[in-house]
$ cat target_7.csv   # CSV, C-alpha atoms and all ligand atoms
chain,number,residue,atom,x,y,z
A,1,MET,CA,-9.0,58.8,31.7
A,2,SER,CA,-5.7,60.6,31.2
A,3,ASP,CA,-2.7,58.8,29.6
A,4,ASP,CA,-0.9,58.8,33.0
A,5,GLU,CA,-3.8,56.8,34.5
A,6,ARG,CA,-4.2,54.5,31.5
A,7,ILE,CA,-0.6,53.8,30.4
A,8,THR,CA,2.0,51.9,32.4
A,9,LYS,CA,5.6,52.3,31.5
A,10,VAL,CA,8.3,49.9,32.4
A,11,PHE,CA,12.0,50.9,32.4
A,12,PHE,CA,15.3,50.8,34.3
A,13,ASP,CA,15.9,53.4,37.0
A,14,PRO,CA,18.8,54.1,36.9
A,15,GLY,CA,19.9,53.0,33.4
A,16,HIS,CA,23.6,53.1,34.1
A,17,TYR,CA,25.5,50.9,36.6
A,18,THR,CA,29.3,50.8,37.3
A,19,VAL,CA,30.5,47.9,39.4
A,20,LEU,CA,33.9,46.3,40.3
A,21,GLU,CA,34.8,43.0,38.8
A,22,ASN,CA,35.0,41.5,42.3
A,23,VAL,CA,31.7,42.8,43.5
A,24,GLY,CA,30.1,39.3,43.3
A,25,GLN,CA,26.5,40.4,42.7
A,26,TRP,CA,24.9,43.7,42.1
A,27,THR,CA,21.3,44.8,41.6
A,28,ALA,CA,19.6,46.5,38.7
A,29,THR,CA,16.3,48.1,39.3
A,30,VAL,CA,13.3,47.9,37.0
A,31,VAL,CA,10.3,50.2,37.8
A,32,ARG,CA,6.8,50.8,36.5
A,33,ARG,CA,5.2,54.2,36.4
A,34,GLY,CA,1.7,55.3,35.7
A,35,GLY,CA,-1.4,53.2,35.2
A,36,ASN,CA,-3.4,51.2,37.7
A,37,LEU,CA,-1.2,49.5,40.2
A,38,ASP,CA,-3.8,46.8,40.7
A,39,HIS,CA,-2.7,45.2,37.4
A,40,VAL,CA,0.0,42.6,37.5
A,41,VAL,CA,2.6,43.6,34.9
A,42,LEU,CA,5.1,41.2,33.3
A,43,VAL,CA,8.2,42.1,31.3
A,44,ASP,CA,10.9,40.0,29.8
A,45,TYR,CA,14.6,40.7,30.4
A,46,LYS,CA,17.9,39.4,29.0
A,47,SER,CA,21.5,40.3,29.1
A,48,GLU,CA,23.4,41.2,26.0
A,49,ASP,CA,27.2,41.3,25.5
A,50,GLY,CA,29.1,44.4,24.9
A,51,THR,CA,32.9,44.0,25.3
A,52,ALA,CA,32.0,41.9,28.4
A,53,SER,CA,31.1,38.3,27.4
A,54,GLY,CA,28.2,36.3,29.0
A,55,ASP,CA,29.4,33.4,31.2
A,56,GLN,CA,33.0,34.7,30.9
A,57,ASP,CA,32.8,38.1,32.5
A,58,TYR,CA,29.3,37.9,33.9
A,59,VAL,CA,26.6,35.3,34.2
A,60,SER,CA,24.2,35.4,31.2
A,61,MET,CA,20.6,35.9,32.2
A,62,ALA,CA,17.1,35.9,30.7
A,63,GLY,CA,13.7,35.6,32.2
A,64,THR,CA,10.5,37.4,33.2
A,65,ILE,CA,9.9,40.0,35.9
A,66,ALA,CA,6.5,40.2,37.5
A,67,PHE,CA,5.2,43.3,39.3
A,68,PRO,CA,2.6,42.2,41.8
A,69,PRO,CA,-0.3,44.5,42.6
A,70,GLY,CA,0.9,47.7,44.3
A,71,GLU,CA,4.6,47.0,43.5
A,72,THR,CA,6.4,49.6,41.5
A,73,SER,CA,10.0,48.4,41.7
A,74,ARG,CA,11.7,45.1,41.1
A,75,SER,CA,15.3,44.0,41.4
A,76,LEU,CA,17.4,42.0,38.9
A,77,ILE,CA,20.4,40.3,40.4
A,78,VAL,CA,23.5,40.3,38.1
A,79,GLU,CA,26.5,38.1,38.9
A,80,VAL,CA,29.9,39.2,37.9
A,81,ILE,CA,32.6,36.7,37.3
A,82,ASP,CA,35.9,37.7,38.8
A,83,ASP,CA,39.3,36.6,37.4
A,84,ASP,CA,42.9,37.4,38.1
A,85,VAL,CA,43.6,38.7,34.6
A,86,PHE,CA,44.3,42.3,33.8
A,87,GLU,CA,41.8,43.6,31.3
A,88,GLU,CA,40.3,46.8,30.0
A,89,ASP,CA,37.1,47.9,31.7
A,90,GLU,CA,34.3,46.2,30.0
A,91,HIS,CA,30.6,46.7,29.6
A,92,HIS,CA,27.4,44.7,28.8
A,93,TYR,CA,23.7,45.4,28.7
A,94,LEU,CA,20.4,44.4,30.2
A,95,ARG,CA,17.4,44.7,27.9
A,96,LEU,CA,13.7,44.8,28.7
A,97,ASN,CA,11.2,43.4,26.1
A,98,ASN,CA,7.6,42.5,25.7
A,99,PRO,CA,5.8,44.3,28.5
A,100,ARG,CA,2.3,43.0,29.1
A,101,PHE,CA,-0.5,42.5,31.7
A,102,ALA,CA,-0.8,39.1,33.4
A,103,SER,CA,-4.5,39.2,32.7
A,104,ALA,CA,-6.9,41.3,30.6
A,105,ALA,CA,-6.8,45.0,31.7
A,106,GLN,CA,-9.5,46.7,29.7
A,107,GLY,CA,-8.7,50.2,28.4
A,108,ALA,CA,-5.2,50.0,30.0
A,109,GLU,CA,-1.9,49.8,28.1
A,110,VAL,CA,1.6,48.9,29.1
A,111,GLN,CA,4.7,49.9,27.1
A,112,LEU,CA,8.4,50.2,27.5
A,113,GLY,CA,9.7,53.5,28.9
A,114,SER,CA,13.1,54.9,28.6
A,115,PRO,CA,15.7,53.5,29.2
A,116,TYR,CA,14.7,49.9,28.5
A,117,LEU,CA,18.4,49.1,27.8
A,118,ALA,CA,20.6,49.4,30.9
A,119,THR,CA,24.4,49.7,30.6
A,120,ALA,CA,26.7,47.9,33.1
A,121,ILE,CA,30.3,48.9,33.2
A,122,VAL,CA,32.6,46.3,34.9
A,123,LEU,CA,35.8,47.8,36.2
A,124,ASP,CA,38.8,45.6,36.3
A,125,ASP,CA,40.4,45.1,39.7
A,126,ASP,CA,43.6,43.4,38.5
A,127,HIS,CA,46.9,45.0,37.8
A,128,CYS,CA,49.2,44.5,34.9
B,1,CA,CA,39.8,40.3,39.4
B,2,CA,CA,40.2,40.9,35.6
$ encode --input "target_7.csv" --output "structure tokens"
Amino acid sequence: MSDDERITKVFFDPGHYTVLENVGQWTATVVRRGGNLDHVVLVDYKSEDGTASGDQDYVSMAGTIAFPPGETSRSLIVEVIDDDVFEEDEHHYLRLNNPRFASAAQGAEVQLGSPYLATAIVLDDDHC
């Protein structure tokens, strides 16, 4: 079996997002490539602060994504918190961690691909 058939990689595609502060919600996309699509793949995710702060500029998030059989793409909904304050444009991250199969998958392997850290840039929509 070739590595492409054996190894599943999980990563963000794309890895960069630019959104307006008043967008409300936006969607980051996590994909899996390679390996046997019959396997259920799990991967943990969480948000990380940059200059944007969790629960002040965006809603902090953490959890687990599951790729059902045959599914190669999953969405992560991110909520942006709008305010009326003029600020610099800010950024934060979404990180993937601990990819794994939901059940034993003999001979198969799952790992993080690149990028496993997505960058979100939040553009301010207020004026000084
Ligand atoms: Ca605003
Ligand atoms: Ca603002």
$ residues_around --input "target_7.csv" --residues "Gly24 (chain A)" --least-positions-apart "6" --cutoff "10 Å" --atoms "all atoms listed in the file" --output "short mmCIF file (atom, residue, chain, number, x, y, z; two decimals) with C-alpha atoms, in the coordinates of the input"
data_model
loop_
_atom_site.label_atom_id
_atom_site.label_comp_id
_atom_site.auth_asym_id
_atom_site.auth_seq_id
_atom_site.Cartn_x
_atom_site.Cartn_y
_atom_site.Cartn_z
CA TYR A 58 29.30 37.90 33.90
CA VAL A 78 23.50 40.30 38.10
CA GLU A 79 26.50 38.10 38.90
CA VAL A 80 29.90 39.20 37.90
CA ILE A 81 32.60 36.70 37.30
CA ASP A 82 35.90 37.70 38.80
#
$ atom_distance --input "target_7.csv" --atom1 "CA of Cys128 (chain A)" --atom2 "CA of Tyr17 (chain A)"
24.6 Å
$ closest_residue --input "target_7.csv" --among "A:Ala108, A:Val40, A:Ala66, A:Val59" --to "Ser2 (chain A)" --atoms "only C-alpha atoms"
A:Ala108
$ atom_distance --input "target_7.csv" --atom1 "CA of Gly63 (chain A)" --atom2 "CA of Arg32 (chain A)"
17.2 Å
$ atom_distance --input "target_7.csv" --atom1 "CA of Gly107 (chain A)" --atom2 "CA of Ser75 (chain A)"
28.0 Å
$ residues_near_ligand --input "target_7.csv" --ligand "ligand CA 1 (chain B)" --cutoff "9 Å" --atoms "all atoms listed in the file" --output "list of chain:residue names"
A:Leu20, A:Glu21, A:Asn22, A:Ile81, A:Asp82, A:Asp83, A:Asp84, A:Val85, A:Phe86, A:Glu87, A:Asp124, A:Asp125, A:Asp126, A:His127
$ closest_residue --input "target_7.csv" --among "A:Ser103, A:Gln56, A:Thr27, A:Gln111" --to "ligand CA 2 (chain B)" --atoms "all atoms listed in the file"
A:Gln56
$ residues_near_point --input "target_7.csv" --point "(-3.1, 49.2, 40.9)" --cutoff "12 Å" --atoms "all atoms listed in the file" --output "number ranges by chain"
A: 5-8, 32-41, 67-72, 101, 105, 108
$ residues_around --input "target_7.csv" --residues "Ala28 (chain A)" --least-positions-apart "4" --cutoff "10 Å" --atoms "only C-alpha atoms" --output "list in words"
Phe12, Asp13, Pro14, Gly15, His16, Tyr17, Arg74, Ser75, Leu76, Ile77, Val78, Leu94, Ala118, Thr119 and Ala120 of chain A
$ residues_near_point --input "target_7.csv" --point "(26.3, 46.8, 26.8)" --cutoff "6 Å" --atoms "all atoms listed in the file" --output "short mmCIF file (atom, residue, chain, number, x, y, z; two decimals) with C-alpha atoms, keeping the file's coordinate frame"
data_model
loop_
_atom_site.label_atom_id
_atom_site.label_comp_id
_atom_site.auth_asym_id
_atom_site.auth_seq_id
_atom_site.Cartn_x
_atom_site.Cartn_y
_atom_site.Cartn_z
CA ASP A 49 27.20 41.30 25.50
CA GLY A 50 29.10 44.40 24.90
CA HIS A 91 30.60 46.70 29.60
CA HIS A 92 27.40 44.70 28.80
CA TYR A 93 23.70 45.40 28.70
CA THR A 119 24.40 49.70 30.60
#
$ closest_residue --input "target_7.csv" --among "A:Val31, A:Glu109, A:Val122, A:Gly54" --to "ligand CA 2 (chain B)" --atoms "all atoms listed in the file"
A:Val122
$ closest_residue --input "target_7.csv" --among "A:Leu117, A:Leu96, A:Val10, A:Ala52" --to "ligand CA 2 (chain B)" --atoms "all atoms listed in the file"
A:Ala52
$ closest_residue --input "target_7.csv" --among "A:Leu123, A:Pro115, A:Ser47, A:Leu42" --to "Ala102 (chain A)" --atoms "only C-alpha atoms"
A:Leu42
$ build_atoms --input "target_7.csv" --residues "region 38-49 of chain A" --atoms "all heavy atoms" --output "PDB file, keeping the file's coordinate frame"
ATOM      1  N   ASP A  38      -3.118  48.062  40.437  1.00  0.00           N
ATOM      2  CA  ASP A  38      -3.800  46.800  40.700  1.00  0.00           C
ATOM      3  C   ASP A  38      -3.412  45.714  39.694  1.00  0.00           C
ATOM      4  O   ASP A  38      -3.493  44.521  39.970  1.00  0.00           O
ATOM      5  CB  ASP A  38      -5.295  46.940  40.766  1.00  0.00           C
ATOM      6  CG  ASP A  38      -5.743  47.771  41.958  1.00  0.00           C
ATOM      7  OD1 ASP A  38      -4.940  47.915  42.907  1.00  0.00           O
ATOM      8  OD2 ASP A  38      -6.875  48.275  41.927  1.00  0.00           O
ATOM      9  N   HIS A  39      -3.043  46.157  38.503  1.00  0.00           N
ATOM     10  CA  HIS A  39      -2.700  45.200  37.400  1.00  0.00           C
ATOM     11  C   HIS A  39      -1.350  44.570  37.701  1.00  0.00           C
ATOM     12  O   HIS A  39      -0.412  45.243  38.116  1.00  0.00           O
ATOM     13  CB  HIS A  39      -2.664  45.897  36.075  1.00  0.00           C
ATOM     14  CG  HIS A  39      -3.975  46.479  35.659  1.00  0.00           C
ATOM     15  ND1 HIS A  39      -5.170  45.814  35.785  1.00  0.00           N
ATOM     16  CD2 HIS A  39      -4.271  47.678  35.098  1.00  0.00           C
ATOM     17  CE1 HIS A  39      -6.153  46.569  35.326  1.00  0.00           C
ATOM     18  NE2 HIS A  39      -5.637  47.715  34.913  1.00  0.00           N
ATOM     19  N   VAL A  40      -1.261  43.285  37.434  1.00  0.00           N
ATOM     20  CA  VAL A  40       0.000  42.600  37.500  1.00  0.00           C
ATOM     21  C   VAL A  40       0.699  42.802  36.113  1.00  0.00           C
ATOM     22  O   VAL A  40       0.123  42.481  35.072  1.00  0.00           O
ATOM     23  CB  VAL A  40      -0.137  41.103  37.781  1.00  0.00           C
ATOM     24  CG1 VAL A  40       1.204  40.384  37.676  1.00  0.00           C
ATOM     25  CG2 VAL A  40      -0.738  40.907  39.161  1.00  0.00           C
ATOM     26  N   VAL A  41       1.909  43.359  36.132  1.00  0.00           N
ATOM     27  CA  VAL A  41       2.600  43.600  34.900  1.00  0.00           C
ATOM     28  C   VAL A  41       3.815  42.672  34.776  1.00  0.00           C
ATOM     29  O   VAL A  41       4.535  42.430  35.746  1.00  0.00           O
ATOM     30  CB  VAL A  41       3.157  45.097  34.886  1.00  0.00           C
ATOM     31  CG1 VAL A  41       4.156  45.324  33.768  1.00  0.00           C
ATOM     32  CG2 VAL A  41       1.988  46.072  34.756  1.00  0.00           C
ATOM     33  N   LEU A  42       3.974  42.120  33.580  1.00  0.00           N
ATOM     34  CA  LEU A  42       5.100  41.200  33.300  1.00  0.00           C
ATOM     35  C   LEU A  42       5.990  41.884  32.236  1.00  0.00           C
ATOM     36  O   LEU A  42       5.497  42.578  31.347  1.00  0.00           O
ATOM     37  CB  LEU A  42       4.609  39.891  32.733  1.00  0.00           C
ATOM     38  CG  LEU A  42       3.575  39.120  33.555  1.00  0.00           C
ATOM     39  CD1 LEU A  42       3.133  37.865  32.801  1.00  0.00           C
ATOM     40  CD2 LEU A  42       4.150  38.746  34.911  1.00  0.00           C
ATOM     41  N   VAL A  43       7.285  41.659  32.349  1.00  0.00           N
ATOM     42  CA  VAL A  43       8.200  42.100  31.300  1.00  0.00           C
ATOM     43  C   VAL A  43       9.380  41.154  31.229  1.00  0.00           C
ATOM     44  O   VAL A  43       9.855  40.656  32.247  1.00  0.00           O
ATOM     45  CB  VAL A  43       8.673  43.592  31.597  1.00  0.00           C
ATOM     46  CG1 VAL A  43       9.511  43.675  32.865  1.00  0.00           C
ATOM     47  CG2 VAL A  43       9.442  44.157  30.409  1.00  0.00           C
ATOM     48  N   ASP A  44       9.788  40.855  30.009  1.00  0.00           N
ATOM     49  CA  ASP A  44      10.900  40.000  29.800  1.00  0.00           C
ATOM     50  C   ASP A  44      12.234  40.738  29.896  1.00  0.00           C
ATOM     51  O   ASP A  44      12.280  41.916  29.546  1.00  0.00           O
ATOM     52  CB  ASP A  44      10.841  39.265  28.453  1.00  0.00           C
ATOM     53  CG  ASP A  44       9.610  38.377  28.342  1.00  0.00           C
ATOM     54  OD1 ASP A  44       9.103  37.933  29.391  1.00  0.00           O
ATOM     55  OD2 ASP A  44       9.169  38.138  27.206  1.00  0.00           O
ATOM     56  N   TYR A  45      13.284  40.062  30.331  1.00  0.00           N
ATOM     57  CA  TYR A  45      14.600  40.700  30.400  1.00  0.00           C
ATOM     58  C   TYR A  45      15.640  39.709  29.876  1.00  0.00           C
ATOM     59  O   TYR A  45      15.432  38.496  29.938  1.00  0.00           O
ATOM     60  CB  TYR A  45      14.956  41.155  31.791  1.00  0.00           C
ATOM     61  CG  TYR A  45      15.143  40.007  32.759  1.00  0.00           C
ATOM     62  CD1 TYR A  45      16.387  39.395  32.925  1.00  0.00           C
ATOM     63  CD2 TYR A  45      14.066  39.516  33.488  1.00  0.00           C
ATOM     64  CE1 TYR A  45      16.551  38.331  33.797  1.00  0.00           C
ATOM     65  CE2 TYR A  45      14.231  38.447  34.359  1.00  0.00           C
ATOM     66  CZ  TYR A  45      15.473  37.863  34.508  1.00  0.00           C
ATOM     67  OH  TYR A  45      15.640  36.799  35.354  1.00  0.00           O
ATOM     68  N   LYS A  46      16.729  40.239  29.378  1.00  0.00           N
ATOM     69  CA  LYS A  46      17.900  39.400  29.000  1.00  0.00           C
ATOM     70  C   LYS A  46      19.131  40.235  29.021  1.00  0.00           C
ATOM     71  O   LYS A  46      19.083  41.450  28.833  1.00  0.00           O
ATOM     72  CB  LYS A  46      17.669  38.692  27.689  1.00  0.00           C
ATOM     73  CG  LYS A  46      17.605  39.632  26.525  1.00  0.00           C
ATOM     74  CD  LYS A  46      17.557  38.884  25.203  1.00  0.00           C
ATOM     75  CE  LYS A  46      17.487  39.896  24.077  1.00  0.00           C
ATOM     76  NZ  LYS A  46      17.406  39.378  22.763  1.00  0.00           N
ATOM     77  N   SER A  47      20.246  39.569  29.217  1.00  0.00           N
ATOM     78  CA  SER A  47      21.500  40.300  29.100  1.00  0.00           C
ATOM     79  C   SER A  47      22.031  40.206  27.708  1.00  0.00           C
ATOM     80  O   SER A  47      21.691  39.299  26.946  1.00  0.00           O
ATOM     81  CB  SER A  47      22.537  39.601  30.085  1.00  0.00           C
ATOM     82  OG  SER A  47      22.657  38.229  29.794  1.00  0.00           O
ATOM     83  N   GLU A  48      22.823  41.204  27.356  1.00  0.00           N
ATOM     84  CA  GLU A  48      23.400  41.200  26.000  1.00  0.00           C
ATOM     85  C   GLU A  48      24.896  41.637  26.163  1.00  0.00           C
ATOM     86  O   GLU A  48      25.221  42.550  26.929  1.00  0.00           O
ATOM     87  CB  GLU A  48      22.717  42.260  25.124  1.00  0.00           C
ATOM     88  CG  GLU A  48      21.358  41.799  24.680  1.00  0.00           C
ATOM     89  CD  GLU A  48      20.695  42.798  23.739  1.00  0.00           C
ATOM     90  OE1 GLU A  48      21.318  43.825  23.381  1.00  0.00           O
ATOM     91  OE2 GLU A  48      19.544  42.551  23.373  1.00  0.00           O
ATOM     92  N   ASP A  49      25.746  40.975  25.410  1.00  0.00           N
ATOM     93  CA  ASP A  49      27.200  41.300  25.500  1.00  0.00           C
ATOM     94  C   ASP A  49      27.496  42.636  24.878  1.00  0.00           C
ATOM     95  O   ASP A  49      26.907  43.048  23.876  1.00  0.00           O
ATOM     96  CB  ASP A  49      27.968  40.221  24.680  1.00  0.00           C
ATOM     97  CG  ASP A  49      28.025  38.892  25.406  1.00  0.00           C
ATOM     98  OD1 ASP A  49      27.465  38.794  26.514  1.00  0.00           O
ATOM     99  OD2 ASP A  49      28.626  37.966  24.847  1.00  0.00           O
TER     100      ASP A  49
END
